[in-house]
$ cat final.txt   # compact mmCIF, C-alpha atoms
# COMPACT_ATOMS: atom_id res chain seq x y z
CA MET A 1 0.00 0.00 0.00
CA GLY A 2 2.74 2.42 1.06
CA ARG A 3 4.75 1.56 -2.00
CA THR A 4 1.78 2.25 -4.31
CA ILE A 5 1.32 5.72 -2.81
CA ILE A 6 5.01 6.60 -3.16
CA VAL A 7 5.15 5.36 -6.76
CA ASN A 8 2.06 7.36 -7.72
CA VAL A 9 3.18 10.57 -6.02
CA LEU A 10 6.54 10.26 -7.76
CA ARG A 11 4.81 9.57 -11.08
CA PHE A 12 2.65 12.67 -10.62
CA PHE A 13 5.65 14.98 -10.22
CA VAL A 14 7.74 13.37 -12.96
CA LEU A 15 4.90 13.50 -15.49
CA VAL A 16 3.99 17.11 -14.68
CA PHE A 17 7.65 18.08 -14.94
CA ILE A 18 8.11 16.35 -18.31
CA GLN A 19 4.86 17.79 -19.66
CA VAL A 20 5.51 21.36 -18.59
CA PHE A 21 9.20 21.76 -19.29
CA LEU A 22 9.76 19.38 -22.18
CA LEU A 23 6.65 18.36 -24.12
CA LYS A 24 5.13 21.84 -23.99
CA ASN A 25 7.81 22.98 -26.44
CA ILE A 26 7.26 20.14 -28.90
CA THR A 27 4.96 20.42 -31.89
CA LEU A 28 5.09 18.42 -35.11
CA TYR A 29 3.90 20.28 -38.24
CA ASN A 30 1.84 22.76 -36.14
CA PHE A 31 -0.67 20.00 -35.47
CA SER A 32 0.61 17.34 -33.15
CA THR A 33 1.17 18.25 -29.49
CA PRO A 34 1.55 15.42 -26.96
CA TYR A 35 -0.21 15.52 -23.59
CA LEU A 36 1.54 12.67 -21.81
CA TYR A 37 0.52 13.78 -18.30
CA ILE A 38 -2.83 11.94 -18.55
CA LEU A 39 -0.82 8.73 -18.15
CA PHE A 40 -0.99 9.43 -14.40
CA ILE A 41 -4.79 8.99 -14.37
CA LEU A 42 -4.58 5.99 -16.68
CA LEU A 43 -2.14 4.16 -14.41
CA LEU A 44 -3.86 4.66 -11.03
CA PRO A 45 -4.63 1.30 -9.34
CA PHE A 46 -7.94 -0.42 -10.13
CA GLU A 47 -9.13 -0.12 -6.55
CA THR A 48 -8.83 3.64 -6.26
CA PRO A 49 -12.11 4.93 -4.76
CA ASN A 50 -14.12 7.04 -7.18
CA LEU A 51 -13.97 10.14 -4.98
CA LEU A 52 -10.16 9.96 -4.75
CA LEU A 53 -9.89 9.35 -8.49
CA PHE A 54 -11.91 12.44 -9.31
CA ALA A 55 -10.06 14.54 -6.74
CA LEU A 56 -6.67 13.48 -8.15
CA ALA A 57 -7.82 14.20 -11.71
CA PHE A 58 -9.00 17.61 -10.59
CA ILE A 59 -5.69 18.41 -8.85
CA LEU A 60 -3.64 17.16 -11.82
CA GLY A 61 -5.66 19.28 -14.25
CA LEU A 62 -5.34 22.35 -12.05
CA THR A 63 -1.56 21.90 -11.77
CA ILE A 64 -1.18 21.66 -15.54
CA ASP A 65 -3.50 24.66 -15.96
CA ALA A 66 -1.33 26.74 -13.65
CA PHE A 67 1.62 26.19 -15.96
CA TYR A 68 -0.33 26.53 -19.21
CA ASP A 69 -2.24 29.68 -18.14
CA THR A 70 -5.57 28.10 -18.99
CA PRO A 71 -7.56 27.92 -15.73
CA GLY A 72 -10.13 25.11 -15.86
CA LEU A 73 -9.38 23.85 -19.37
CA HIS A 74 -7.22 20.84 -18.52
CA THR A 75 -9.16 20.33 -15.29
CA ALA A 76 -12.42 19.79 -17.17
CA ALA A 77 -10.74 17.42 -19.64
CA CYS A 78 -9.08 15.42 -16.83
CA VAL A 79 -12.33 15.01 -14.88
CA LEU A 80 -14.04 13.74 -18.04
CA LEU A 81 -11.11 11.37 -18.53
CA ALA A 82 -11.52 9.99 -15.00
CA PHE A 83 -15.22 9.31 -15.67
CA VAL A 84 -14.50 7.55 -18.96
CA ARG A 85 -11.82 5.49 -17.21
CA ILE A 86 -14.37 4.24 -14.65
CA LEU A 87 -16.81 3.29 -17.41
CA PHE A 88 -14.15 1.57 -19.53
CA ILE A 89 -12.76 -0.45 -16.64
CA SER A 90 -16.18 -1.50 -15.35
CA ILE A 91 -17.04 -2.82 -18.82
CA THR A 92 -13.80 -4.63 -19.68
CA VAL A 93 -12.18 -5.81 -16.44
CA GLN A 94 -13.26 -8.52 -14.01
CA LYS A 95 -12.35 -7.05 -10.62
CA ASP A 96 -12.18 -10.25 -8.55
CA GLY A 97 -9.30 -12.04 -10.21
CA PHE A 98 -6.42 -10.01 -8.75
CA ASP A 99 -4.41 -10.55 -5.62
CA ASN A 100 -2.50 -7.38 -4.56
CA GLU A 101 -3.38 -3.83 -5.62
CA PRO A 102 -3.02 -4.25 -9.37
CA GLU A 103 -2.52 -1.34 -11.73
CA PRO A 104 -3.64 -1.11 -15.38
CA THR A 105 -0.09 -1.10 -16.74
CA LEU A 106 1.17 -2.50 -20.01
CA SER A 107 3.07 -5.33 -18.31
CA MET A 108 0.07 -6.25 -16.13
CA MET A 109 -2.75 -6.21 -18.68
CA GLY A 110 -1.08 -7.15 -21.94
CA PHE A 111 -0.53 -5.21 -25.11
CA ARG A 112 -3.98 -5.48 -26.72
CA TRP A 113 -5.99 -4.38 -23.73
CA PHE A 114 -3.61 -1.53 -22.88
CA LEU A 115 -3.56 -0.23 -26.46
CA THR A 116 -7.37 -0.11 -26.66
CA TYR A 117 -7.54 1.50 -23.22
CA ALA A 118 -4.94 4.16 -24.09
CA VAL A 119 -6.36 4.96 -27.54
CA VAL A 120 -9.98 5.30 -26.41
CA LEU A 121 -9.20 7.42 -23.35
CA THR A 122 -6.65 9.63 -25.12
CA LEU A 123 -8.99 10.30 -28.05
CA ILE A 124 -11.83 11.32 -25.76
CA HIS A 125 -9.55 13.52 -23.62
CA HIS A 126 -7.95 15.26 -26.59
CA PHE A 127 -11.26 15.73 -28.42
CA PHE A 128 -12.79 17.44 -25.40
CA LEU A 129 -9.63 19.45 -24.64
CA PHE A 130 -9.07 20.87 -28.13
CA ASN A 131 -12.73 21.67 -28.71
CA LEU A 132 -13.07 23.40 -25.37
CA GLU A 133 -9.93 25.40 -26.13
CA VAL A 134 -11.05 26.56 -29.59
CA PHE A 135 -14.76 26.71 -28.73
CA ARG A 136 -16.13 27.30 -32.20
CA PHE A 137 -17.48 25.02 -34.91
CA SER A 138 -16.07 26.92 -37.86
CA GLU A 139 -12.59 25.48 -37.19
CA ILE A 140 -13.77 21.90 -36.63
CA GLN A 141 -11.68 20.58 -39.53
CA TYR A 142 -8.39 21.82 -38.05
CA THR A 143 -9.47 20.76 -34.58
CA ILE A 144 -10.24 17.17 -35.61
CA THR A 145 -6.90 16.90 -37.42
CA ARG A 146 -5.12 18.17 -34.32
CA VAL A 147 -7.05 15.71 -32.10
CA VAL A 148 -6.14 12.69 -34.21
CA LEU A 149 -2.48 13.56 -34.76
CA SER A 150 -1.92 14.60 -31.16
CA SER A 151 -3.56 11.40 -29.89
CA LEU A 152 -1.22 9.34 -32.08
CA PHE A 153 1.77 11.15 -30.58
CA THR A 154 0.50 10.79 -27.01
CA VAL A 155 -0.32 7.08 -27.34
CA PHE A 156 3.10 6.50 -28.93
CA LEU A 157 4.81 8.09 -25.92
CA MET A 158 2.59 6.09 -23.54
CA LEU A 159 3.57 2.80 -25.20
CA ILE A 160 7.26 3.73 -25.05
CA SER A 161 7.05 4.54 -21.34
CA GLY A 162 5.05 1.34 -20.81
CA LEU A 163 7.80 -0.71 -22.47
CA LEU A 164 10.50 1.15 -20.51
CA PHE A 165 8.95 0.01 -17.21
CA TYR A 166 7.97 -3.46 -18.44
CA ARG A 167 8.27 -6.14 -15.77
CA ILE A 168 7.95 -9.74 -16.92
CA LYS A 169 7.17 -11.39 -13.59
CA GLU A 170 3.95 -9.38 -13.17
CA ARG A 171 2.31 -10.94 -16.22
CA LYS A 172 0.04 -13.85 -15.36
CA MET B 173 -35.64 8.46 0.70
CA ARG B 174 -33.75 5.21 1.13
CA ASN B 175 -34.28 4.42 -2.52
CA LEU B 176 -32.88 7.79 -3.47
CA LEU B 177 -29.77 7.22 -1.35
CA ALA B 178 -29.34 3.75 -2.82
CA PHE B 179 -29.66 5.21 -6.30
CA ILE B 180 -27.01 7.84 -5.58
CA THR B 181 -24.53 5.36 -4.08
CA ARG B 182 -25.07 2.93 -6.95
CA TYR B 183 -24.26 5.57 -9.55
CA ASN B 184 -21.83 7.58 -7.41
CA ALA B 185 -19.31 7.85 -10.26
CA PHE B 186 -21.77 9.76 -12.37
CA PHE B 187 -22.74 12.19 -9.62
CA LEU B 188 -19.12 12.80 -8.64
CA PHE B 189 -18.38 13.39 -12.30
CA LEU B 190 -21.15 15.99 -12.50
CA ILE B 191 -19.89 17.84 -9.41
CA PHE B 192 -16.24 17.98 -10.50
CA GLU B 193 -16.98 18.70 -14.15
CA ILE B 194 -19.32 21.56 -13.35
CA SER B 195 -16.86 23.13 -10.91
CA SER B 196 -14.02 22.95 -13.44
CA LEU B 197 -16.19 24.44 -16.17
CA ILE B 198 -17.11 27.25 -13.78
CA ILE B 199 -13.39 27.91 -13.26
CA TYR B 200 -12.86 27.81 -17.02
CA VAL B 201 -15.64 30.25 -17.88
CA LYS B 202 -15.19 32.58 -14.94
CA TYR B 203 -11.42 32.92 -14.70
CA ASN B 204 -10.49 32.67 -18.33
CA SER B 205 -10.70 36.41 -18.82
CA PHE B 206 -7.41 36.65 -16.87
CA GLN B 207 -8.49 39.57 -14.73
CA LYS B 208 -9.39 37.41 -11.77
CA ALA B 209 -6.98 34.53 -12.18
CA THR B 210 -4.60 35.73 -9.52
CA PHE B 211 -3.16 32.41 -8.44
CA ILE B 212 -3.72 29.82 -11.16
CA ASN B 213 -1.27 31.13 -13.73
CA SER B 214 2.40 31.45 -14.48
CA ALA B 215 2.67 34.89 -12.90
CA ALA B 216 2.08 33.34 -9.49
CA GLU B 217 5.09 32.98 -7.20
CA VAL B 218 5.58 29.21 -7.36
CA THR B 219 5.05 28.60 -11.06
CA GLY B 220 6.82 31.84 -11.99
CA ASN B 221 9.89 30.86 -9.98
CA MET B 222 10.03 27.39 -11.52
CA TYR B 223 9.80 28.82 -15.02
CA ALA B 224 12.54 31.32 -14.20
CA GLN B 225 14.87 28.52 -13.03
CA VAL B 226 14.34 26.41 -16.15
CA SER B 227 14.71 29.41 -18.46
CA LYS B 228 18.12 30.10 -16.88
CA LEU B 229 19.22 26.68 -18.09
CA ASN B 230 17.64 27.15 -21.51
CA ASN B 231 19.43 30.43 -22.02
CA TYR B 232 22.81 28.72 -21.96
CA LEU B 233 21.79 26.55 -24.87
CA SER B 234 20.96 29.48 -27.12
CA LEU B 235 23.68 31.94 -26.13
CA LYS B 236 25.03 32.02 -29.67
CA GLU B 237 21.75 33.12 -31.32
CA THR B 238 21.17 35.71 -28.60
CA ASN B 239 24.65 37.10 -29.05
CA ASP B 240 24.22 37.34 -32.81
CA SER B 241 20.89 39.13 -32.58
CA LEU B 242 22.22 41.56 -29.94
CA ALA B 243 25.30 42.30 -32.04
CA LEU B 244 23.08 43.01 -35.04
CA GLU B 245 20.93 45.33 -33.00
CA ASN B 246 24.00 47.09 -31.60
CA ALA B 247 25.26 47.70 -35.09
CA ARG B 248 21.91 49.11 -36.14
CA LEU B 249 21.76 51.42 -33.13
CA ARG B 250 25.34 52.53 -33.61
CA ASN B 251 24.38 53.62 -37.11
CA GLN B 252 21.90 56.01 -35.59
CA LEU B 253 24.38 57.62 -33.20
CA LYS B 254 25.20 61.24 -33.75
CA SER B 255 28.91 60.45 -33.82
CA SER B 256 28.52 58.16 -36.81
CA PHE B 257 27.19 60.96 -39.01
CA PHE B 258 29.47 63.31 -40.88
CA ILE B 259 28.59 66.84 -39.81
CA ASP B 260 28.57 69.23 -42.76
CA THR B 261 27.08 72.33 -41.18
CA LEU B 262 28.70 74.19 -38.32
CA SER B 263 25.47 75.74 -37.11
CA LYS B 264 24.12 72.36 -36.05
CA HIS B 265 25.93 72.50 -32.73
CA LYS B 266 24.50 75.82 -31.72
CA VAL B 267 20.85 74.82 -31.78
CA THR B 268 19.62 73.70 -28.40
CA ASP B 269 17.19 70.93 -29.01
CA THR B 270 13.89 71.68 -27.35
CA ILE B 271 11.48 70.41 -29.95
CA TYR B 272 12.05 66.78 -29.09
CA LYS B 273 10.61 65.31 -25.95
CA GLN B 274 10.95 61.64 -25.28
CA GLN B 275 7.62 59.95 -25.96
CA TYR B 276 8.49 56.26 -25.73
CA GLU B 277 10.53 54.58 -23.06
CA TYR B 278 11.58 50.95 -23.29
CA ILE B 279 11.80 48.51 -20.38
CA GLU B 280 13.96 45.49 -21.07
CA ALA B 281 12.62 42.11 -19.91
CA LYS B 282 13.48 38.46 -20.29
CA VAL B 283 11.04 35.82 -21.54
CA ILE B 284 10.71 33.08 -18.94
CA LYS B 285 7.79 31.20 -20.45
CA ASN B 286 6.65 31.08 -24.02
CA SER B 287 4.33 29.02 -26.18
CA PHE B 288 3.60 29.08 -29.89
CA ASN B 289 1.67 25.90 -30.58
CA LEU B 290 -1.65 26.55 -28.83
CA ARG B 291 -4.72 28.36 -30.17
CA ASN B 292 -4.12 31.19 -27.69
CA ASN B 293 -0.49 31.82 -26.82
CA TYR B 294 0.81 33.83 -23.89
CA ILE B 295 4.32 34.85 -22.91
CA THR B 296 5.47 35.41 -19.34
CA ILE B 297 8.25 37.96 -18.74
CA ASN B 298 10.34 38.57 -15.64
CA MET B 299 9.37 42.21 -15.06
CA GLY B 300 6.18 43.33 -13.35
CA SER B 301 4.50 46.29 -11.74
CA ASN B 302 7.65 46.94 -9.64
CA ALA B 303 9.48 47.82 -12.86
CA GLY B 304 6.68 50.11 -14.01
CA ILE B 305 4.87 47.73 -16.34
CA GLU B 306 1.12 48.24 -16.62
CA LYS B 307 -1.73 46.43 -18.29
CA GLY B 308 -2.28 47.36 -21.94
CA LYS B 309 1.29 48.32 -22.83
CA GLY B 310 2.81 47.12 -26.07
CA VAL B 311 5.70 44.64 -26.21
CA ILE B 312 8.28 44.50 -29.01
CA CYS B 313 11.63 42.82 -29.58
CA ASN B 314 14.57 43.70 -31.79
CA THR B 315 12.96 42.13 -34.86
CA GLY B 316 9.39 43.36 -34.49
CA VAL B 317 6.07 43.35 -32.65
CA VAL B 318 5.52 40.70 -29.96
CA GLY B 319 2.19 41.49 -28.27
CA LYS B 320 0.58 43.40 -25.45
CA VAL B 321 0.62 43.13 -21.64
CA ILE B 322 -2.63 41.78 -20.24
CA PHE B 323 -1.82 40.81 -16.66
CA VAL B 324 0.71 42.14 -14.16
CA SER B 325 1.94 40.86 -10.81
CA PRO B 326 4.74 42.52 -8.76
CA HIS B 327 7.55 40.53 -10.37
CA TYR B 328 6.10 39.04 -13.53
CA ALA B 329 3.80 40.04 -16.37
CA ILE B 330 1.82 38.02 -18.91
CA VAL B 331 1.89 39.13 -22.53
CA GLN B 332 -0.80 38.15 -25.03
CA SER B 333 1.36 37.32 -28.03
CA LEU B 334 0.56 37.98 -31.70
CA LEU B 335 -0.19 34.26 -31.92
CA ASN B 336 -3.55 34.59 -30.18
CA LYS B 337 -7.04 34.68 -31.62
CA ASP B 338 -7.90 37.76 -29.53
CA THR B 339 -4.94 39.86 -30.66
CA GLN B 340 -5.73 42.47 -33.26
CA ILE B 341 -3.50 45.44 -34.09
CA SER B 342 -3.66 48.30 -36.53
CA ALA B 343 -1.06 47.92 -39.29
CA MET B 344 -0.12 49.55 -42.57
CA LEU B 345 1.91 48.91 -45.70
CA ALA B 346 5.32 50.53 -45.38
CA ASP B 347 5.52 52.06 -48.86
CA THR B 348 2.00 53.38 -49.49
CA LYS B 349 0.79 53.88 -45.89
CA ASP B 350 -2.46 52.03 -46.61
CA LYS B 351 -3.97 50.97 -43.30
CA GLY B 352 -5.48 47.65 -42.36
CA SER B 353 -5.91 45.30 -39.42
CA PHE B 354 -3.62 42.47 -38.48
CA ARG B 355 -4.44 39.21 -36.74
CA TRP B 356 -3.11 35.65 -36.56
CA GLY B 357 -4.26 33.28 -39.32
CA ASP B 358 -6.65 30.39 -38.76
CA ASN B 359 -4.28 27.56 -39.53
CA LEU B 360 -2.10 27.94 -36.42
CA ASP B 361 1.13 28.46 -38.34
CA PRO B 362 3.47 30.37 -35.97
CA HIS B 363 5.16 32.13 -38.91
CA ILE B 364 2.15 33.45 -40.86
CA GLY B 365 -0.38 36.17 -39.96
CA LEU B 366 -3.23 37.84 -41.82
CA LEU B 367 -3.48 41.51 -42.87
CA TYR B 368 -7.08 42.28 -43.75
CA ASP B 369 -9.45 45.16 -44.54
CA VAL B 370 -6.88 47.03 -46.57
CA SER B 371 -8.59 49.51 -48.91
CA ASN B 372 -9.23 48.21 -52.45
CA ASN B 373 -7.24 51.09 -53.92
CA ALA B 374 -4.00 49.88 -52.39
CA GLN B 375 -1.51 48.09 -54.60
CA PRO B 376 0.47 45.80 -52.30
CA LYS B 377 3.49 43.97 -53.65
CA LEU B 378 4.92 40.61 -52.65
CA GLY B 379 7.67 41.08 -50.08
CA GLU B 380 6.50 44.53 -49.03
CA LEU B 381 7.10 45.39 -45.39
CA VAL B 382 4.09 45.60 -43.05
CA ILE B 383 4.58 47.95 -40.08
CA THR B 384 2.55 49.21 -37.14
CA SER B 385 0.38 52.22 -37.97
CA ASP B 386 0.14 55.43 -35.97
CA LEU B 387 -3.22 54.27 -34.58
CA SER B 388 -1.72 51.41 -32.60
CA LEU B 389 -0.28 51.34 -29.10
CA PHE B 390 3.19 50.75 -30.56
CA PRO B 391 5.50 53.43 -31.92
CA THR B 392 4.84 53.94 -35.63
CA GLY B 393 6.94 51.85 -37.99
CA ILE B 394 7.77 48.78 -35.90
CA PRO B 395 7.97 45.89 -38.40
CA ILE B 396 5.38 43.10 -38.25
CA GLY B 397 6.39 41.06 -41.27
CA ARG B 398 6.52 40.87 -45.05
CA ILE B 399 3.68 40.07 -47.45
CA SER B 400 3.99 36.48 -48.62
CA ASN B 401 0.67 35.89 -50.41
CA LEU B 402 -1.63 38.50 -51.95
CA HIS B 403 -4.80 36.41 -52.09
CA ALA B 404 -5.37 35.05 -48.62
CA LYS B 405 -8.48 33.18 -47.54
CA GLY B 406 -10.72 34.67 -44.86
CA GLY B 407 -10.84 38.20 -43.50
CA GLY B 408 -13.21 40.95 -44.61
CA PHE B 409 -14.59 42.22 -47.94
CA PHE B 410 -11.54 44.28 -48.83
CA LEU B 411 -8.00 43.17 -49.70
CA ASN B 412 -6.58 40.36 -47.54
CA MET B 413 -3.04 39.11 -47.58
CA ASP B 414 -0.79 36.67 -45.75
CA VAL B 415 2.10 38.17 -43.82
CA LYS B 416 5.26 36.27 -42.93
CA LEU B 417 6.05 37.38 -39.37
CA SER B 418 9.43 38.96 -38.78
CA VAL B 419 9.61 37.68 -35.19
CA ASP B 420 10.47 34.03 -34.69
CA PHE B 421 8.38 33.28 -31.61
CA SER B 422 10.08 29.95 -30.99
CA LYS B 423 13.38 31.72 -30.32
CA LEU B 424 12.14 34.71 -28.35
CA GLN B 425 14.42 35.58 -25.41
CA TYR B 426 14.58 39.30 -24.72
CA VAL B 427 11.74 41.76 -25.25
CA TYR B 428 11.11 45.46 -24.63
CA VAL B 429 7.95 46.79 -23.03
CA VAL B 430 6.93 50.08 -24.64
CA ASP B 431 5.96 52.84 -22.23
CA ASN B 432 4.13 55.60 -24.09
CA LYS B 433 4.57 58.75 -21.97
CA PHE B 434 1.64 60.51 -23.61
CA ALA B 435 -0.79 57.57 -23.58
CA LYS B 436 -2.54 58.78 -20.42
CA GLU B 437 -3.03 62.26 -21.81
CA GLN B 438 -4.37 60.92 -25.09
CA LEU B 439 -6.76 58.46 -23.45
CA GLY B 440 -7.97 61.14 -21.04
CA LEU B 441 -8.68 63.50 -23.91
CA GLU B 442 -10.54 60.85 -25.85
CA ALA B 443 -12.59 59.90 -22.80
CA GLN B 444 -13.57 63.56 -22.28
CA GLN B 445 -14.81 63.78 -25.81
CA LYS B 446 -17.14 60.83 -25.32
CA ASN B 447 -19.04 62.48 -22.44
$ encode --input "final.txt" --output "structure tokens"
Amino acid sequence: MGRTIIVNVLRFFVLVFIQVFLLKNITLYNFSTPYLYILFILLLPFETPNLLLFALAFILGLTIDAFYDTPGLHTAACVLLAFVRILFISITVQKDGFDNEPEPTLSMMGFRWFLTYAVVLTLIHHFFLFNLEVFRFSEIQYTITRVVLSSLFTVFLMLISGLLFYRIKERK
Amino acid sequence: MRNLLAFITRYNAFFLFLIFEISSLIIYVKYNSFQKATFINSAAEVTGNMYAQVSKLNNYLSLKETNDSLALENARLRNQLKSSFFIDTLSKHKVTDTIYKQQYEYIEAKVIKNSFNLRNNYITINMGSNAGIEKGKGVICNTGVVGKVIFVSPHYAIVQSLLNKDTQISAMLADTKDKGSFRWGDNLDPHIGLLYDVSNNAQPKLGELVITSDLSLFPTGIPIGRISNLHAKGGGFFLNMDVKLSVDFSKLQYVYVVDNKFAKEQLGLEAQQKN
């Protein structure tokens, strides 16, 4: 239990740091900007209580907003992401079959499940985020392109970080 | 009553979602105008300090470009010095110069946070109200117009850059003095802007310089960019053209905040006339 808390707190700070000081400066062809920080919400343990999950998503969004000068924008997207995460997990995962505080990581859940999970959640988060930021329908074409290309970039980074921390013994 | 409670606990995720989502949207709508966002932005102490630390490190990596641009600017300024002109009339020394009064003063500041890939981009600089910076002042750099100050804290200020859908400045063609309005284009390219509503009589040429007009909050004649396409999409019913920006926002390091000494007088006069 203690180890899970330490790992997640550490992950929070590392991801915010990477997002704010590194990924914020990266854009491919004016369209693709990665938002890797949502990996924190994706990787919280399955047994996180709903209230804590929402509170953490809210705090994470607010922290990112403070650095991006967009109060509320990332917060709203993160809270939506937390809700979608609950729905997705309740549909696809059988909660009884685990022994000790499992997390939805790549090494734990396998490549296929994790890829679907990451793609669906990232697409929804980015779609909401970019549309809320632009807030007009006349630019929907550009916005959709940005959503798709940015999601590709984000999911790519998520898979890389998943493979970096791959542990074979966890896989059942 | 018990049924209601059971219903709420069964679908607690949905109700929690509603609560958190509504509160974040309230923050988004209410604070996004920047006037009230006193603590959730990069001008706050904690985030401002962290950005300042990281920008110190970044500056080392681009010392060469900064040096080059400063040397260029030095050379340009040196050309304007009195001592670099050949004096051909003796009477010049005898005139005491009372017709000039300094109208613009420049405050030098360093960029500690910058973005150019969002729909609305803001720049944070390391000078604030303690250095005499106020809301609404123009910001330029050695290559051209950067933006305008929209939020000030004691040690930092936030600048709404040209790359922002709310920025709009009055511009004109350098050769013919035809006026128009300038804003960022719709396709989020950090190098291209849009000059629109130029009178149909104007005859712009490719590569012509676009500068700030005398109606803007900047000194007249600060470069904005050069015309790169005469038939741009969008804009108004008059002539529209694409402008290649002269400032490279991805490499912005030092900027100058323009302090117009007569702005207060002018605004006061114009306000009187309205009453």
$ closest_residue --input "final.txt" --among "A:Tyr29, A:Phe46, A:Phe114, A:Phe13" --to "chain B" --atoms "only C-alpha atoms"
A:Tyr29
$ interface_residues --input "final.txt" --of "chain A" --to "chain B" --cutoff "10 Å" --atoms "only C-alpha atoms" --output "VMD selection string"
chain A and resid 20 to 21 24 to 33 49 to 51 53 to 55 57 to 58 61 to 84 86 to 87 130 132 to 134 139 142 to 143
$ write_last_selection --input "final.txt" --atoms "C-alpha atoms" --output "PDB file, keeping the file's coordinate frame"
ATOM      1  CA  VAL A  20       5.510  21.360 -18.590  1.00  0.00           C
ATOM      2  CA  PHE A  21       9.200  21.760 -19.290  1.00  0.00           C
ATOM      3  CA  LYS A  24       5.130  21.840 -23.990  1.00  0.00           C
ATOM      4  CA  ASN A  25       7.810  22.980 -26.440  1.00  0.00           C
ATOM      5  CA  ILE A  26       7.260  20.140 -28.900  1.00  0.00           C
ATOM      6  CA  THR A  27       4.960  20.420 -31.890  1.00  0.00           C
ATOM      7  CA  LEU A  28       5.090  18.420 -35.110  1.00  0.00           C
ATOM      8  CA  TYR A  29       3.900  20.280 -38.240  1.00  0.00           C
ATOM      9  CA  ASN A  30       1.840  22.760 -36.140  1.00  0.00           C
ATOM     10  CA  PHE A  31      -0.670  20.000 -35.470  1.00  0.00           C
ATOM     11  CA  SER A  32       0.610  17.340 -33.150  1.00  0.00           C
ATOM     12  CA  THR A  33       1.170  18.250 -29.490  1.00  0.00           C
ATOM     13  CA  PRO A  49     -12.110   4.930  -4.760  1.00  0.00           C
ATOM     14  CA  ASN A  50     -14.120   7.040  -7.180  1.00  0.00           C
ATOM     15  CA  LEU A  51     -13.970  10.140  -4.980  1.00  0.00           C
ATOM     16  CA  LEU A  53      -9.890   9.350  -8.490  1.00  0.00           C
ATOM     17  CA  PHE A  54     -11.910  12.440  -9.310  1.00  0.00           C
ATOM     18  CA  ALA A  55     -10.060  14.540  -6.740  1.00  0.00           C
ATOM     19  CA  ALA A  57      -7.820  14.200 -11.710  1.00  0.00           C
ATOM     20  CA  PHE A  58      -9.000  17.610 -10.590  1.00  0.00           C
ATOM     21  CA  GLY A  61      -5.660  19.280 -14.250  1.00  0.00           C
ATOM     22  CA  LEU A  62      -5.340  22.350 -12.050  1.00  0.00           C
ATOM     23  CA  THR A  63      -1.560  21.900 -11.770  1.00  0.00           C
ATOM     24  CA  ILE A  64      -1.180  21.660 -15.540  1.00  0.00           C
ATOM     25  CA  ASP A  65      -3.500  24.660 -15.960  1.00  0.00           C
ATOM     26  CA  ALA A  66      -1.330  26.740 -13.650  1.00  0.00           C
ATOM     27  CA  PHE A  67       1.620  26.190 -15.960  1.00  0.00           C
ATOM     28  CA  TYR A  68      -0.330  26.530 -19.210  1.00  0.00           C
ATOM     29  CA  ASP A  69      -2.240  29.680 -18.140  1.00  0.00           C
ATOM     30  CA  THR A  70      -5.570  28.100 -18.990  1.00  0.00           C
ATOM     31  CA  PRO A  71      -7.560  27.920 -15.730  1.00  0.00           C
ATOM     32  CA  GLY A  72     -10.130  25.110 -15.860  1.00  0.00           C
ATOM     33  CA  LEU A  73      -9.380  23.850 -19.370  1.00  0.00           C
ATOM     34  CA  HIS A  74      -7.220  20.840 -18.520  1.00  0.00           C
ATOM     35  CA  THR A  75      -9.160  20.330 -15.290  1.00  0.00           C
ATOM     36  CA  ALA A  76     -12.420  19.790 -17.170  1.00  0.00           C
ATOM     37  CA  ALA A  77     -10.740  17.420 -19.640  1.00  0.00           C
ATOM     38  CA  CYS A  78      -9.080  15.420 -16.830  1.00  0.00           C
ATOM     39  CA  VAL A  79     -12.330  15.010 -14.880  1.00  0.00           C
ATOM     40  CA  LEU A  80     -14.040  13.740 -18.040  1.00  0.00           C
ATOM     41  CA  LEU A  81     -11.110  11.370 -18.530  1.00  0.00           C
ATOM     42  CA  ALA A  82     -11.520   9.990 -15.000  1.00  0.00           C
ATOM     43  CA  PHE A  83     -15.220   9.310 -15.670  1.00  0.00           C
ATOM     44  CA  VAL A  84     -14.500   7.550 -18.960  1.00  0.00           C
ATOM     45  CA  ILE A  86     -14.370   4.240 -14.650  1.00  0.00           C
ATOM     46  CA  LEU A  87     -16.810   3.290 -17.410  1.00  0.00           C
ATOM     47  CA  PHE A 130      -9.070  20.870 -28.130  1.00  0.00           C
ATOM     48  CA  LEU A 132     -13.070  23.400 -25.370  1.00  0.00           C
ATOM     49  CA  GLU A 133      -9.930  25.400 -26.130  1.00  0.00           C
ATOM     50  CA  VAL A 134     -11.050  26.560 -29.590  1.00  0.00           C
ATOM     51  CA  GLU A 139     -12.590  25.480 -37.190  1.00  0.00           C
ATOM     52  CA  TYR A 142      -8.390  21.820 -38.050  1.00  0.00           C
ATOM     53  CA  THR A 143      -9.470  20.760 -34.580  1.00  0.00           C
TER      54      THR A 143
END
$ atom_distance --input "final.txt" --atom1 "CA of Glu380 in chain B" --atom2 "CA of Val283 in chain B"
29.2 Å
$ atom_distance --input "final.txt" --atom1 "CA of Ser151 in chain A" --atom2 "CA of Tyr117 in chain A"
12.6 Å
$ atom_distance --input "final.txt" --atom1 "CA of Val16 in chain A" --atom2 "CA of Tyr35 in chain A"
10.0 Å
$ closest_residue --input "final.txt" --among "A:Thr4, A:Gln141, A:Thr116, A:Thr122" --to "Leu39 in chain A" --atoms "all atoms listed in the file"
A:Thr122
$ residues_around --input "final.txt" --residues "Trp356 in chain B" --least-positions-apart "2" --cutoff "6 Å" --atoms "all atoms listed in the file" --output "list in words"
Leu335, Gly365 and Leu366 of chain B
